[in-house]
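Below is one structure, written out as structure tokens, with a few remarks after it.
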Amino acid sequence: MKTLKLLAFTLALVVAGGVASAKAEASAAIKAALSKVPAAGVPAKAAELVFEAKPDGRSAVAADVVKTAVKSQPALTLAVVTAVSQKSPETAPTVAAAAAESQPKQASQIAQAAAAAAPAKAAEVVQAVARVLPKAHREVALAVAQVAPDSSKEILASIPASASNAASEPATPAVTNHSSPPRISGPFVPFSTTPTNVPSGGGQVPQGGRDHSRP
């Protein structure tokens, strides 16, 4: 409880004045609170810290808590995102963006976890993650649309046209050049004798061709 009070006090200073030292103190308080629980209890503790924060500063707390938790326990990233988003659904977009920024390779799974935990915020989750990872917008949108069908139309409509076209247009096939480069060879030498047609059975073909009969 003492830790929570210290956290609330320092975060209030951050929201009110944006003092760098107060923010550092708040981050230290978050780190201390998370370090006092076993690894398996980190997601629940993270959700509690966010929920206990004042409503007007809850998003800022959520970002700090998630970044700290993910940094200390990267394997629990999805569990932390799910726990915090379920307990404080309004923070789901902030939570997803903070986690995706820390673990960009898991951006789609992180967005899915946040959207599944807070379905009403699914479209906002996509937009928040896309702001920190613009190149992943299409991939994230398609992933979230699968777990939030009620918002899929809005989510898919948010995909930039350039990303949609790039994914839908087939690649231009490469043109293969079958022409062979000119070859340099020696001068043409004609045959020294007159060529004749040799029948398959052997023998000599008379002059005048096969159809010519001897007199």
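The way I read the labels, and the way they are meant: chains A, B, ... in the order of the structure tokens, residue 1 as the first residue of every chain, and ligand 1 as the first ligand shown, with later ones counted on from there.
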
message: Applying 8 Å and only C-alpha atoms, which residues near Leu76 in chain A remain after dropping the ones on its own chain fewer than 4 positions away? List them as an NGL selection string.
response: :A and (43 or 70 or 80)

Would you put the residues from that selection into a file with C-alpha atoms, as a compact mmCIF listing (two decimals), in the first residue's frame?
```txt
# COMPACT_ATOMS: atom_id res chain seq x y z
CA PRO A 43 0.86 -9.36 -15.03
CA VAL A 70 8.08 -5.97 -20.51
CA VAL A 80 0.88 -8.21 -19.12
```

10 Å contact set for Ser102 in chain A, only C-alpha atoms, chain neighbours under 6 positions out, as a JSON list (two decimals) with C-alpha atoms, in the first residue's frame:
```
[["chain", "number", "residue", "atom", "x", "y", "z"],
["A", 66, "VAL", "CA", 3.97, -1.93, -19.28],
["A", 67, "LYS", "CA", 7.38, -0.78, -20.49],
["A", 68, "THR", "CA", 8.92, -1.65, -17.12],
["A", 70, "VAL", "CA", 8.08, -5.97, -20.51],
["A", 71, "LYS", "CA", 11.68, -4.95, -20.03],
["A", 74, "PRO", "CA", 9.80, -9.99, -21.94],
["A", 77, "THR", "CA", 4.58, -9.39, -22.64],
["A", 96, "ALA", "CA", -0.57, -2.00, -26.89]]
```

task: For CA of Ala107 in chain A and CA of Pro93 in chain A, determine how far apart the two atoms are, in Å to one decimal place.
output: 12.3 Å

query: For Lys23 in chain A, which of A:Val126, A:Gln73, A:Ala60, A:Ala79 is the closest residue, counting only C-alpha atoms?
result: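 Distance minimum relative to Lys23 in chain A lands on A:Ala60.
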
field: Shortest interatomic distance to Phe51 in chain A - which of A:Ala136, A:Leu34, A:Ala114, A:Val65, counting only C-alpha atoms
entry: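 Of A:Ala136, A:Leu34, A:Ala114, A:Val65, the one nearest Phe51 in chain A is A:Val65, counting only C-alpha atoms.
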
message: Between CA of Val81 in chain A and CA of Lys135 in chain A, what is the distance in Å, rounded to a tenth?
response: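 Separating CA of Val81 in chain A from CA of Lys135 in chain A is a distance of 21.3 Å.
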
query: Leaving out Ala120 in chain A and any residue of its chain fewer than 5 positions from it, which residues lie within 10 Å of it when counting only C-alpha atoms, given as a list in words?
result: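 So, after excluding close chain neighbours, the residues are Pro89, Glu90, Ala92, Ala115, Val125, Ala148, Asp150 and Ser151 of chain A.
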